[in-house]
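Participant: Just dropping this structure here.
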Amino acid sequence: MKIIKYPTLPSTNTKAKELLLSGVREGVLLADKQTAGRGRLGRSFFSENGLFTSIILAPDKIPFAPSFLTSAVAVAVCRTLREMNFAISIKWVNDLYLEGKKVCGILTEAVMNGNEILGYVVGIGINLDGAKFPEELAEIATAIPFPCEKKEELLWNILQNLDIVLHESTDSLVGYLTENSVVLGKCVRFFGAKEGEGLALRLDALGGLVVKTAENEILTLTTGEISLRIKN
Ligand code: BTN
């Protein structure tokens, strides 16, 4: 796949969506810096000294339910970083952690024309060596000790692993997500469509997080967000 490089963009995901709407059906965007990097749930994403990329995928490239795409991408990025000997784990559903802090976020978005899905944009942001976080992020975010100048090499490895993942069974991917989860067996607080606290038990066949609440209710979270920090 062709990589289109930009020194600065507001957001590679926003640019990729524009390209999809103008008829582009595949490609990879890479920006040195984003001035308005976006995260899930309308949040911003700190975007200096890192790998900021968006991959455009046509609908026929996705062999599983689109809701599983973020999890599958998490497998591809986690494998890549673990192959480089970084002890990465996956925080359901779209974050990667190193030593208890976030190093990577994934934002997948579908681009529609009316009811027709034109394609998907897979946005990946990885903090790399030299990232200087603002005070409010320093406690929860960190960087992979890997030089930013070599980010293109990292991106090629991710693209290779993504290709493998897109030909792999969901069972195998869920197995990997389970083995490398930082969440399972822990108490979590969940937000979004359902809100509350519970014990993260397992992942279901489509990557949903199965949680047991204090009232012994079993819930499967399919969207939303969890936090590992439970306040007493
Ligand atoms: C999250 O942490 O909620 C997801 C963050 C995703 C950030 C990446 S950086 C490249 C791409 N462009 C964006 O604006 N966002 C994604």
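By order in the structure tokens, chains are A, B, ...; within a chain, residues start at 1; ligands start at 1, following the order shown.
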Please give me, as a count of residues only, the residues lying within 7 Å of ligand 1 when counting only C-alpha atoms and all ligand atoms.
Facilitator: 25
Participant: Excluding same-chain residues fewer than 4 positions from Phe68 in chain A, what lies within 10 Å of it counting only C-alpha atoms, as a PyMOL selection string?
Facilitator: chain A and resi 62-64+72-73+93+170+173-174+205-208+222
Participant: Go ahead and write the residues just picked, C-alpha atoms, as a short mmCIF file (atom, residue, chain, number, x, y, z; two decimals), in the first residue's frame.
Facilitator:
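The resulting part-v3.cif:
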data_model
loop_
_atom_site.label_atom_id
_atom_site.label_comp_id
_atom_site.auth_asym_id
_atom_site.auth_seq_id
_atom_site.Cartn_x
_atom_site.Cartn_y
_atom_site.Cartn_z
CA ILE A 62 -12.71 -6.73 6.45
CA PRO A 63 -13.52 -10.44 6.89
CA PHE A 64 -15.25 -10.07 10.27
CA ALA A 72 -8.06 -6.81 15.31
CA VAL A 73 -5.93 -3.70 14.79
CA VAL A 93 -10.85 -2.04 23.54
CA THR A 170 -11.59 -14.34 15.04
CA LEU A 173 -7.48 -13.13 17.46
CA VAL A 174 -9.67 -13.35 20.57
CA ALA A 205 -16.32 -14.56 20.55
CA LEU A 206 -16.49 -11.07 19.04
CA GLY A 207 -14.20 -9.34 21.49
CA GLY A 208 -17.00 -8.02 23.77
CA THR A 222 -19.57 -4.08 23.19
#
Participant: Check the smallest atom-to-atom distance from each of A:Asp171, A:Leu221, A:Val211, A:Ser227 to Arg189 in chain A using only C-alpha atoms, then report the winner.
Facilitator: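 Smallest distance to Arg189 in chain A is found for A:Ser227.
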Participant: Using only C-alpha atoms, which of A:Asn49, A:Thr35, A:Ser22, A:Ser169 sits nearest Lys151 in chain A?
Facilitator: A:Asn49
Participant: If you count only C-alpha atoms, which residues fall within 10 Å of Pro7 in chain A, apart from same-chain ones fewer than 3 positions away, as a list in words?
Facilitator: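 Near neighbours after the sequence-gap exclusion: Leu30, Ala31, Asp32, Lys33 and Gln34 of chain A.
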Participant: Can you work out which one of A:Glu116, A:Glu152, A:Glu179, A:Glu139 has the shortest atom-to-atom distance to Val28 in chain A, counting only C-alpha atoms?
Facilitator: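 Ranking A:Glu116, A:Glu152, A:Glu179, A:Glu139 by distance to Val28 in chain A, first place goes to A:Glu152.
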Participant: What's the 7 Å shell around Ile226 in chain A, counting only C-alpha atoms, without same-chain residues fewer than 5 positions away, as a PyMOL selection string?
Facilitator: chain A and resi 188-191
Participant: Apply DSSP to the structure's backbone, then extract all residues of range 62-158 of chain A labelled alpha helix (DSSP H) and return them as a list in words.
Facilitator: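 Listing alpha helix (DSSP H) positions across range 62-158 of chain A yields Leu69, Thr70, Ser71, Ala72, Val73, Ala74, Val75, Ala76, Val77, Cys78, Arg79, Thr80, Leu81, Arg82, Glu83, Glu135, Glu136, Leu137, Ala138, Lys151, Glu152, Glu153, Leu154, Leu155, Trp156, Asn157 and Ile158 of chain A.
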Participant: Store the residues picked out above, limited to N, CA, C and O atoms, as a short mmCIF file (atom, residue, chain, number, x, y, z; two decimals), in the first residue's frame.
Facilitator:
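After the write, out.cif holds the following:
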data_model
loop_
_atom_site.label_atom_id
_atom_site.label_comp_id
_atom_site.auth_asym_id
_atom_site.auth_seq_id
_atom_site.Cartn_x
_atom_site.Cartn_y
_atom_site.Cartn_z
N LEU A 69 -13.16 -4.64 14.26
CA LEU A 69 -11.96 -4.10 13.59
C LEU A 69 -10.96 -3.47 14.56
O LEU A 69 -9.75 -3.71 14.46
N THR A 70 -11.45 -2.70 15.52
CA THR A 70 -10.53 -2.07 16.47
C THR A 70 -9.72 -3.12 17.22
O THR A 70 -8.51 -3.00 17.40
N SER A 71 -10.39 -4.20 17.66
CA SER A 71 -9.70 -5.28 18.39
C SER A 71 -8.65 -5.93 17.50
O SER A 71 -7.54 -6.23 17.95
N ALA A 72 -9.01 -6.16 16.23
CA ALA A 72 -8.06 -6.81 15.31
C ALA A 72 -6.84 -5.93 15.10
O ALA A 72 -5.70 -6.42 15.06
N VAL A 73 -7.06 -4.62 14.98
CA VAL A 73 -5.93 -3.70 14.79
C VAL A 73 -5.06 -3.69 16.06
O VAL A 73 -3.82 -3.65 15.98
N ALA A 74 -5.70 -3.76 17.22
CA ALA A 74 -4.94 -3.81 18.48
C ALA A 74 -4.01 -5.02 18.47
O ALA A 74 -2.86 -4.94 18.92
N VAL A 75 -4.49 -6.16 17.94
CA VAL A 75 -3.64 -7.36 17.85
C VAL A 75 -2.43 -7.06 16.95
O VAL A 75 -1.29 -7.36 17.31
N ALA A 76 -2.69 -6.45 15.79
CA ALA A 76 -1.59 -6.19 14.83
C ALA A 76 -0.53 -5.27 15.45
O ALA A 76 0.67 -5.51 15.31
N VAL A 77 -0.97 -4.22 16.14
CA VAL A 77 -0.01 -3.27 16.71
C VAL A 77 0.71 -3.90 17.91
O VAL A 77 1.93 -3.78 18.05
N CYS A 78 -0.04 -4.62 18.74
CA CYS A 78 0.57 -5.26 19.91
C CYS A 78 1.62 -6.27 19.47
O CYS A 78 2.74 -6.30 20.00
N ARG A 79 1.29 -7.09 18.47
CA ARG A 79 2.27 -8.09 17.97
C ARG A 79 3.52 -7.40 17.47
O ARG A 79 4.63 -7.82 17.76
N THR A 80 3.33 -6.32 16.70
CA THR A 80 4.49 -5.60 16.15
C THR A 80 5.40 -5.12 17.27
O THR A 80 6.62 -5.31 17.21
N LEU A 81 4.80 -4.51 18.29
CA LEU A 81 5.62 -3.95 19.36
C LEU A 81 6.24 -5.05 20.22
O LEU A 81 7.37 -4.92 20.70
N ARG A 82 5.52 -6.16 20.40
CA ARG A 82 6.08 -7.27 21.17
C ARG A 82 7.22 -7.94 20.40
O ARG A 82 8.20 -8.37 21.00
N GLU A 83 7.10 -7.99 19.07
CA GLU A 83 8.20 -8.53 18.25
C GLU A 83 9.47 -7.68 18.41
O GLU A 83 10.57 -8.15 18.18
N GLU A 135 1.34 18.13 31.73
CA GLU A 135 1.22 17.63 33.11
C GLU A 135 0.04 16.68 33.31
O GLU A 135 0.16 15.63 33.94
N GLU A 136 -1.10 17.04 32.71
CA GLU A 136 -2.32 16.24 32.96
C GLU A 136 -2.23 14.84 32.33
O GLU A 136 -2.98 13.94 32.70
N LEU A 137 -1.29 14.66 31.39
CA LEU A 137 -1.16 13.34 30.75
C LEU A 137 0.01 12.53 31.30
O LEU A 137 0.03 11.31 31.17
N ALA A 138 0.97 13.23 31.91
CA ALA A 138 2.23 12.57 32.29
C ALA A 138 1.99 11.35 33.20
O ALA A 138 2.76 10.40 33.15
N LYS A 151 10.06 5.77 12.53
CA LYS A 151 8.64 5.43 12.61
C LYS A 151 8.10 4.77 11.34
O LYS A 151 7.15 3.97 11.40
N GLU A 152 8.72 5.07 10.18
CA GLU A 152 8.22 4.48 8.95
C GLU A 152 8.47 2.97 8.92
O GLU A 152 7.63 2.20 8.45
N GLU A 153 9.62 2.57 9.47
CA GLU A 153 9.94 1.14 9.60
C GLU A 153 8.89 0.45 10.50
O GLU A 153 8.37 -0.62 10.18
N LEU A 154 8.57 1.13 11.59
CA LEU A 154 7.54 0.61 12.52
C LEU A 154 6.20 0.48 11.79
O LEU A 154 5.50 -0.54 11.91
N LEU A 155 5.87 1.49 10.99
CA LEU A 155 4.59 1.46 10.26
C LEU A 155 4.56 0.28 9.28
O LEU A 155 3.54 -0.42 9.19
N TRP A 156 5.65 0.03 8.56
CA TRP A 156 5.66 -1.09 7.61
C TRP A 156 5.42 -2.42 8.35
O TRP A 156 4.70 -3.29 7.86
N ASN A 157 6.03 -2.55 9.54
CA ASN A 157 5.83 -3.78 10.32
C ASN A 157 4.38 -3.92 10.77
O ASN A 157 3.82 -5.02 10.77
N ILE A 158 3.78 -2.80 11.14
CA ILE A 158 2.36 -2.83 11.53
C ILE A 158 1.50 -3.24 10.33
O ILE A 158 0.59 -4.07 10.46
#
Participant: I'd like the interatomic distance between CA of Glu109 in chain A and CA of Glu225 in chain A, to a tenth of an Å.
Facilitator: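 Computing it gives 16.0 Å between the two atoms.
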Participant: Can you tell me, as a VMD selection string, what residues are no more than 8 Å from Leu184 in chain A when counting only C-alpha atoms, ignoring any on the same chain fewer than 2 positions away?
Facilitator: chain A and resid 178 181 to 182 186 199 to 202
Participant: What's the 8 Å shell around Ile55 in chain A, counting only C-alpha atoms, without same-chain residues fewer than 2 positions away, as a ChimeraX atom specification?
Facilitator: /A:16,26-29,53,57,121-123
Participant: Would you export the selected residues with C-alpha atoms as a tab-separated table (two decimals), in the first residue's frame, please?
Facilitator:
chain	number	residue	atom	x	y	z
A	16	ALA	CA	-8.41	9.96	5.31
A	26	GLU	CA	-7.08	2.36	-0.08
A	27	GLY	CA	-3.96	4.02	1.19
A	28	VAL	CA	-1.95	4.95	4.25
A	29	LEU	CA	-1.48	8.46	5.61
A	53	THR	CA	-1.18	7.17	10.85
A	57	LEU	CA	-9.58	-0.02	4.08
A	121	VAL	CA	-10.40	4.54	8.48
A	122	VAL	CA	-8.10	2.90	11.01
A	123	GLY	CA	-6.25	5.58	12.98
